[in-house]
Each structure stands twice: as C-alpha cells, then as structure tokens.
>>> print(open('query_36.csv').read())   # CSV, C-alpha atoms and all ligand atoms
chain,number,residue,atom,x,y,z
A,1,MET,CA,79.1,110.7,86.3
A,2,ASP,CA,79.0,110.2,90.1
A,3,ASP,CA,81.5,111.7,92.6
A,4,SER,CA,83.7,108.6,92.8
A,5,THR,CA,84.1,108.4,89.0
A,6,ARG,CA,84.8,112.2,88.9
A,7,ASN,CA,87.5,111.8,91.6
A,8,ALA,CA,89.1,108.9,89.8
A,9,ALA,CA,89.0,110.9,86.5
A,10,ALA,CA,90.7,113.9,88.2
A,11,ALA,CA,93.4,111.6,89.6
A,12,ALA,CA,93.9,109.9,86.3
A,13,ALA,CA,94.2,113.3,84.5
A,14,ARG,CA,97.0,114.3,86.8
A,15,VAL,CA,99.2,111.3,85.9
A,16,LYS,CA,102.0,112.3,83.6
A,17,GLN,CA,102.5,110.5,80.3
A,18,ASP,CA,106.2,109.9,80.7
A,19,PRO,CA,106.7,106.3,79.7
A,20,GLU,CA,109.8,105.9,81.8
A,21,SER,CA,107.8,106.5,85.0
A,22,ALA,CA,104.5,105.1,83.9
A,23,SER,CA,104.7,101.9,86.0
A,24,THR,CA,105.6,103.7,89.2
A,25,GLU,CA,103.0,106.4,88.8
A,26,THR,CA,100.4,103.8,88.0
A,27,SER,CA,101.2,101.8,91.0
A,28,GLU,CA,101.2,104.9,93.3
A,29,SER,CA,97.9,106.3,92.0
A,30,PHE,CA,96.3,102.9,92.3
A,31,VAL,CA,97.4,102.7,96.0
A,32,ALA,CA,96.0,106.2,96.6
A,33,PHE,CA,92.7,105.2,94.9
A,34,MET,CA,92.5,102.1,97.1
A,35,ASN,CA,93.2,104.2,100.2
A,36,GLU,CA,90.4,106.7,99.6
A,37,PRO,CA,87.5,106.6,102.1
A,38,ALA,CA,84.6,104.3,100.9
A,39,GLU,CA,82.2,107.2,100.2
A,40,LYS,CA,84.8,108.8,97.9
A,41,GLY,CA,85.2,105.6,95.9
A,42,GLY,CA,88.0,103.7,97.6
A,43,THR,CA,87.8,100.5,99.7
A,44,ALA,CA,88.8,101.8,103.1
A,45,THR,CA,86.2,102.5,105.8
A,46,VAL,CA,86.2,105.8,107.7
A,47,GLY,CA,86.9,105.4,111.4
A,48,GLN,CA,88.4,101.9,111.0
A,49,GLU,CA,91.8,100.7,110.1
A,50,LYS,CA,92.2,101.0,106.4
A,51,ASP,CA,91.7,97.8,104.5
A,52,LEU,CA,94.3,97.6,101.8
A,53,THR,CA,93.0,94.4,100.2
A,54,THR,CA,92.8,94.8,96.5
A,55,SER,CA,89.4,93.3,95.8
A,56,ALA,CA,88.7,92.2,92.2
A,57,LYS,CA,85.8,94.6,92.0
A,58,ALA,CA,87.9,97.6,92.9
A,59,LEU,CA,90.6,96.5,90.5
A,60,ASP,CA,88.1,96.3,87.7
A,61,ARG,CA,86.6,99.7,88.5
A,62,TRP,CA,89.9,101.4,88.7
A,63,PHE,CA,91.0,99.9,85.5
A,64,THR,CA,87.8,100.9,83.7
A,65,GLU,CA,88.0,104.5,84.9
A,66,ARG,CA,91.6,104.8,83.8
A,67,GLN,CA,90.7,103.5,80.5
A,68,LYS,CA,87.8,106.0,80.1
A,69,ASN,CA,89.9,109.0,81.0
A,70,LEU,CA,93.2,108.2,79.3
A,71,GLY,CA,91.9,106.5,76.3
A,72,ALA,CA,94.0,103.4,76.8
A,73,PRO,CA,94.6,101.1,79.8
A,74,ARG,CA,97.8,101.2,81.7
A,75,LEU,CA,99.7,98.4,83.2
A,76,LEU,CA,99.1,97.4,86.8
A,77,GLU,CA,102.0,95.9,88.7
A,78,VAL,CA,100.5,92.4,88.6
A,79,PRO,CA,101.5,89.3,86.5
A,80,ASN,CA,98.9,87.5,84.4
A,81,GLU,CA,97.7,84.5,86.3
A,82,ALA,CA,94.9,82.0,85.9
A,83,LEU,CA,93.7,79.8,88.7
A,84,VAL,CA,92.1,76.6,87.3
A,85,SER,CA,89.7,75.9,90.1
A,86,ASN,CA,88.6,72.5,91.3
A,87,GLY,CA,85.2,71.8,89.8
A,88,GLY,CA,84.7,75.5,88.9
A,89,PRO,CA,85.7,78.4,86.6
A,90,LEU,CA,88.9,79.8,85.4
A,91,GLN,CA,89.9,82.9,87.5
A,92,ILE,CA,92.2,85.2,85.6
A,93,THR,CA,94.0,88.2,87.0
A,94,GLY,CA,96.2,90.6,85.1
A,95,ASN,CA,96.2,93.3,82.5
A,96,ILE,CA,93.6,91.7,80.3
A,97,THR,CA,92.2,92.8,76.9
A,98,ILE,CA,89.1,90.8,76.0
A,99,VAL,CA,88.0,90.4,72.4
A,100,ASN,CA,84.4,89.2,72.3
A,101,GLU,CA,82.8,87.0,69.7
A,102,ASP,CA,81.3,90.1,68.0
A,103,GLY,CA,84.7,91.8,67.8
A,104,SER,CA,84.1,94.3,70.6
A,105,VAL,CA,87.0,94.9,73.0
A,106,GLN,CA,86.9,95.3,76.7
A,107,TYR,CA,89.6,95.6,79.4
A,108,ALA,CA,89.7,94.0,82.8
A,109,ASN,CA,91.9,93.0,85.7
A,110,HIS,CA,89.9,90.1,86.9
A,111,LEU,CA,87.8,87.6,85.0
A,112,THR,CA,85.9,84.5,86.1
A,113,LEU,CA,85.4,82.5,83.0
A,114,CYS,CA,83.1,79.5,82.5
A,115,ARG,CA,84.9,76.2,81.7
A,116,CYS,CA,82.0,73.8,82.2
A,117,GLY,CA,80.2,74.9,79.1
A,118,ASN,CA,76.9,75.5,80.8
A,119,SER,CA,76.9,79.2,81.7
A,120,GLY,CA,74.1,81.4,80.4
A,121,SER,CA,76.5,84.4,80.6
A,122,LYS,CA,79.4,83.1,78.5
A,123,PRO,CA,82.3,83.7,78.6
A,124,ASN,CA,81.6,84.5,82.2
A,125,CYS,CA,80.8,82.0,84.9
A,126,ASP,CA,77.2,82.2,86.3
A,127,GLY,CA,77.5,79.3,88.8
A,128,GLN,CA,76.0,76.6,86.5
A,129,HIS,CA,79.0,74.3,87.3
A,130,LEU,CA,77.4,73.7,90.7
A,131,GLU,CA,74.0,72.8,89.2
A,132,ARG,CA,75.6,70.6,86.6
A,133,GLU,CA,78.1,69.0,89.0
A,134,PHE,CA,81.1,69.8,86.9
A,135,LEU,CA,83.7,67.6,88.6
A,136,ASN,CA,86.9,68.3,86.8
A,137,PRO,CA,89.6,68.9,89.5
A,138,GLY,CA,91.6,71.4,87.4
A,139,LYS,CA,94.8,69.3,87.1
A,140,ILE,CA,97.5,70.7,84.8
A,141,SER,CA,99.5,68.1,83.0
A,142,GLU,CA,101.3,70.3,80.4
A,143,ALA,CA,104.8,71.6,81.0
A,144,SER,CA,105.8,75.3,81.0
A,145,GLU,CA,107.1,76.7,77.7
A,146,ILE,CA,108.7,79.7,79.3
A,147,PRO,CA,109.8,80.7,82.8
A,148,ALA,CA,107.4,82.3,85.2
A,149,SER,CA,107.8,86.0,85.9
A,150,GLN,CA,106.5,88.6,88.3
A,151,ARG,CA,106.8,91.3,85.8
A,152,PRO,CA,103.5,92.8,84.6
A,153,SER,CA,102.6,92.4,81.0
A,154,LYS,CA,99.5,92.5,78.8
A,155,ILE,CA,97.5,89.5,77.7
A,156,THR,CA,94.8,89.3,75.1
A,157,ILE,CA,91.9,86.9,75.5
A,158,SER,CA,89.7,86.1,72.5
A,159,CYS,CA,86.4,84.3,72.7
A,160,ILE,CA,86.0,82.0,69.7
A,161,LYS,CA,82.4,81.4,68.6
A,162,ASP,CA,81.4,77.8,69.4
A,163,GLY,CA,84.9,77.2,70.5
A,164,PRO,CA,87.6,77.8,73.1
A,165,ILE,CA,89.1,80.9,74.6
A,166,THR,CA,92.5,81.7,73.2
A,167,PHE,CA,95.2,83.8,74.8
A,168,ARG,CA,98.2,85.7,73.6
A,169,GLY,CA,100.7,87.0,76.2
A,170,ARG,CA,102.5,85.5,79.2
A,171,LEU,CA,100.0,83.5,81.4
A,172,ARG,CA,100.8,81.4,84.4
A,173,LEU,CA,98.1,78.8,84.9
A,174,HIS,CA,98.1,77.2,88.3
A,175,ASN,CA,95.8,75.1,90.6
A,176,GLN,CA,95.3,74.2,94.2
A,177,PHE,CA,97.5,71.1,93.8
A,178,GLY,CA,100.6,73.3,93.3
A,179,GLN,CA,100.8,72.5,89.6
A,180,GLU,CA,101.6,75.3,87.2
A,181,CYS,CA,102.3,75.9,83.5
A,182,VAL,CA,103.5,79.1,81.9
A,183,LYS,CA,102.8,79.8,78.2
A,184,MET,CA,102.8,82.7,75.8
A,185,ARG,CA,99.8,81.5,73.8
A,186,GLY,CA,97.2,78.7,73.9
A,187,SER,CA,93.5,77.7,73.7
A,188,LEU,CA,91.5,77.0,76.9
A,189,CYS,CA,88.5,74.7,76.9
A,190,ARG,CA,85.2,76.3,77.7
A,191,CYS,CA,82.9,73.5,76.5
A,192,GLY,CA,83.7,71.2,79.4
A,193,HIS,CA,84.5,68.2,77.2
A,194,SER,CA,88.3,68.4,76.5
A,195,THR,CA,90.3,65.5,77.7
A,196,SER,CA,93.3,67.9,78.2
A,197,LYS,CA,91.6,70.4,80.4
A,198,PRO,CA,92.2,73.2,81.0
A,199,PHE,CA,93.4,73.2,77.4
A,200,CYS,CA,91.2,72.7,74.3
A,201,ASP,CA,91.7,69.4,72.4
A,202,GLY,CA,89.0,70.1,69.7
A,203,SER,CA,86.3,68.2,71.5
A,204,HIS,CA,83.9,71.2,71.2
A,205,GLU,CA,83.4,70.3,67.5
A,206,LYS,CA,82.5,66.7,68.3
A,207,VAL,CA,80.0,67.6,71.0
A,208,GLY,CA,78.5,70.5,68.9
A,209,PHE,CA,79.3,73.1,71.5
A,210,ARG,CA,77.4,76.4,70.9
A,211,THR,CA,78.2,79.6,72.7
A,212,GLY,CA,74.8,81.0,71.7
A,213,ARG,CA,75.9,84.4,70.4
A,301,LIG,S1,86.4,74.3,73.9
A,301,LIG,FE1,86.3,72.4,75.0
A,301,LIG,S2,87.5,71.1,73.7
A,301,LIG,FE2,87.6,73.0,72.7
>>> encode(input="query_36.csv", output="structure tokens", more="lines below")
Ligand code: FES
Amino acid sequence: MDDSTRNAAAAAARVKQDPESASTETSESFVAFMNEPAEKGGTATVGQEKDLTTSAKALDRWFTERQKNLGAPRLLEVPNEALVSNGGPLQITGNITIVNEDGSVQYANHLTLCRCGNSGSKPNCDGQHLEREFLNPGKISEASEIPASQRPSKITISCIKDGPITFRGRLRLHNQFGQECVKMRGSLCRCGHSTSKPFCDGSHEKVGFRTGR
C-alpha cells in the first residue's frame, strides 16, 4: 500500500458510522481528500492555488479506497446522471454498483460505457466509435417516468451477456441538446443497433451482438 492509499485509509477509519451523519461526514472527508497536496494523494498542487475540480479519476480512487477500508461504499453527494454523448459513449456519474457478466461486483463514481458495440474493452469505451464512425447524435425521445432530483442515491448497473446494460435506481439521462429523461429502471443499448437509442429495443438479438465474454 503506498502513502496516498495509507492516508486515505486512515481518514476513512476516522469516520464515524452514525447513519444520521453519514452524508455530511462523507462529503466533508471527500473535500478534505481532494484538498490534500498532490504528493499526498489529493488533486491540489503545492505552491499553487488549490484546484477543487473533482476529476473523475480522483472520484473513482476515493470511492475505491473507502470501499476497501469500510467494507461497503458510502454515498457521495452527487445524483446519478448519464450523458448520452453525440456519436460517443454513455458517461455515467453517481454512486454506481456494477454487476459484470461473470457476476463480479465493482463500485465506481464515473463510468464511460460503450454504446457503439465495437469496444474491445466492453462494457467500457475504448474509442472505437471514432474508428467506426458511430454517428448517433444521442437524442432522447422517451419521457421521464419520475421527477429529477439532486438527492444522492444508489444505482446498480448490470452487464447482460450479448445484450444491453440494465439499470435499477434513479437515473437522469441527458444530452447536449437539453433533452432529458429520468427513470428508475431501464435497458440501455450497447450493440449500437437499437432504433430507440439510448434505450435497447431488442435489436441486439437480430444482429447477433456478442459481448465476447
Ligand atoms: S443492446 Fe442494442 S438493441 Fe439491445
């Protein structure tokens, strides 16, 4: 274990388990982590104005370290959101539990998921949408089923073999055109062939989509 991991582990161990105060403590300890000098594991640079930007990489590392040391992930004060990018992947931010095709479970705060069907690193994007000229603009035509909320919550994403990615938990999908859709569950296309993108319409079966695992 390197110094940064050890420091984060010590900080995590100091956090009380009182469920009433869990959200506040989580938020405060995360801010403290982000403010640590870079050589101690945070994102700020010594001698310069501290950069408080919460990069996806730092979010993931913090979340992983908390998970290791407390046995279970704790909520970050962020809602679950998915940006359906124009011609590119699905970028999800939130308190995410991922169930892989082999049944293994991981946790993350930021995922970049393939939706063109060509990634060699499924379910993650590896940039193949550029090579294959995936042109879907990411329009969202379905209506919300529930109101949007800024409250943090958990979401579980399951990778279905030779099929879509399903989710359970509040998720706000949005795009660069200002369209949005909030749902509690659904199936998201990752074969690239659905006519209802970003949602699955069953086309993966017709095209013989294989996830290769
Ligand atoms: S995964 Fe693309 S249509 Fe189902």
>>> atom_distance(input="query_36.csv", atom1="CA of Gly127 in chain A", atom2="CA of Thr112 in chain A")
10.2 Å
>>> atom_distance(input="query_36.csv", atom1="CA of Phe209 in chain A", atom2="CA of Phe167 in chain A")
19.4 Å
>>> closest_residue(input="query_36.csv", among="A:Thr97, A:Gln150, A:Ser104, A:Gln179", to="Val84 in chain A", atoms="all atoms listed in the file")
A:Gln179
>>> atom_distance(input="query_36.csv", atom1="CA of Phe134 in chain A", atom2="CA of Cys116 in chain A")
6.2 Å
>>> closest_atom_pairs(input="query_36.csv", of="chain A", to="ligand LIG 301 (chain A)", cutoff="10 Å", atoms="only C-alpha atoms and all ligand atoms", output="JSON lines")
{"residue": "A:Arg115", "atom": "CA", "partner": "A:LIG301", "partner_atom": "FE1", "distance": 7.8}
{"residue": "A:Cys116", "atom": "CA", "partner": "A:LIG301", "partner_atom": "FE1", "distance": 8.5}
{"residue": "A:Gly117", "atom": "CA", "partner": "A:LIG301", "partner_atom": "FE1", "distance": 7.8}
{"residue": "A:Ile160", "atom": "CA", "partner": "A:LIG301", "partner_atom": "S1", "distance": 8.8}
{"residue": "A:Lys161", "atom": "CA", "partner": "A:LIG301", "partner_atom": "S1", "distance": 9.7}
{"residue": "A:Asp162", "atom": "CA", "partner": "A:LIG301", "partner_atom": "S1", "distance": 7.6}
{"residue": "A:Gly163", "atom": "CA", "partner": "A:LIG301", "partner_atom": "S1", "distance": 4.7}
{"residue": "A:Pro164", "atom": "CA", "partner": "A:LIG301", "partner_atom": "S1", "distance": 3.8}
{"residue": "A:Ile165", "atom": "CA", "partner": "A:LIG301", "partner_atom": "S1", "distance": 7.2}
{"residue": "A:Thr166", "atom": "CA", "partner": "A:LIG301", "partner_atom": "S1", "distance": 9.6}
{"residue": "A:Ser187", "atom": "CA", "partner": "A:LIG301", "partner_atom": "FE2", "distance": 7.6}
{"residue": "A:Leu188", "atom": "CA", "partner": "A:LIG301", "partner_atom": "S1", "distance": 6.5}
{"residue": "A:Cys189", "atom": "CA", "partner": "A:LIG301", "partner_atom": "S1", "distance": 3.7}
{"residue": "A:Arg190", "atom": "CA", "partner": "A:LIG301", "partner_atom": "S1", "distance": 4.5}
{"residue": "A:Cys191", "atom": "CA", "partner": "A:LIG301", "partner_atom": "FE1", "distance": 3.9}
{"residue": "A:Gly192", "atom": "CA", "partner": "A:LIG301", "partner_atom": "FE1", "distance": 5.2}
{"residue": "A:His193", "atom": "CA", "partner": "A:LIG301", "partner_atom": "FE1", "distance": 5.1}
{"residue": "A:Ser194", "atom": "CA", "partner": "A:LIG301", "partner_atom": "S2", "distance": 4.0}
{"residue": "A:Thr195", "atom": "CA", "partner": "A:LIG301", "partner_atom": "S2", "distance": 7.4}
{"residue": "A:Ser196", "atom": "CA", "partner": "A:LIG301", "partner_atom": "S2", "distance": 8.0}
{"residue": "A:Lys197", "atom": "CA", "partner": "A:LIG301", "partner_atom": "FE1", "distance": 7.8}
{"residue": "A:Pro198", "atom": "CA", "partner": "A:LIG301", "partner_atom": "FE1", "distance": 8.5}
{"residue": "A:Phe199", "atom": "CA", "partner": "A:LIG301", "partner_atom": "S2", "distance": 7.3}
{"residue": "A:Cys200", "atom": "CA", "partner": "A:LIG301", "partner_atom": "FE2", "distance": 4.0}
{"residue": "A:Asp201", "atom": "CA", "partner": "A:LIG301", "partner_atom": "S2", "distance": 4.7}
{"residue": "A:Gly202", "atom": "CA", "partner": "A:LIG301", "partner_atom": "S2", "distance": 4.4}
{"residue": "A:Ser203", "atom": "CA", "partner": "A:LIG301", "partner_atom": "S2", "distance": 3.8}
{"residue": "A:His204", "atom": "CA", "partner": "A:LIG301", "partner_atom": "FE2", "distance": 4.4}
{"residue": "A:Glu205", "atom": "CA", "partner": "A:LIG301", "partner_atom": "FE2", "distance": 7.2}
{"residue": "A:Lys206", "atom": "CA", "partner": "A:LIG301", "partner_atom": "S2", "distance": 8.6}
{"residue": "A:Val207", "atom": "CA", "partner": "A:LIG301", "partner_atom": "S2", "distance": 8.7}
{"residue": "A:Phe209", "atom": "CA", "partner": "A:LIG301", "partner_atom": "S1", "distance": 7.6}
{"residue": "A:Arg210", "atom": "CA", "partner": "A:LIG301", "partner_atom": "S1", "distance": 9.7}
{"residue": "A:Thr211", "atom": "CA", "partner": "A:LIG301", "partner_atom": "S1", "distance": 9.8}
>>> closest_residue(input="query_36.csv", among="A:Leu83, A:Val99, A:Cys125, A:Leu113", to="Pro137 in chain A", atoms="all atoms listed in the file")
A:Leu83
>>> residues_near_point(input="query_36.csv", point="(106.3, 91.5, 83.9)", cutoff="10 Å", atoms="all atoms listed in the file", output="list in words")
Leu75, Leu76, Glu77, Val78, Pro79, Asn80, Ala148, Ser149, Gln150, Arg151, Pro152, Ser153, Lys154 and Arg170 of chain A
>>> closest_residue(input="query_36.csv", among="A:Asn124, A:Ser158, A:Asn175, A:Ser144", to="Glu101 in chain A", atoms="only C-alpha atoms")
A:Ser158
>>> closest_residue(input="query_36.csv", among="A:Arg132, A:Arg185, A:Arg172, A:Lys122", to="Gly94 in chain A", atoms="all atoms listed in the file")
A:Arg172
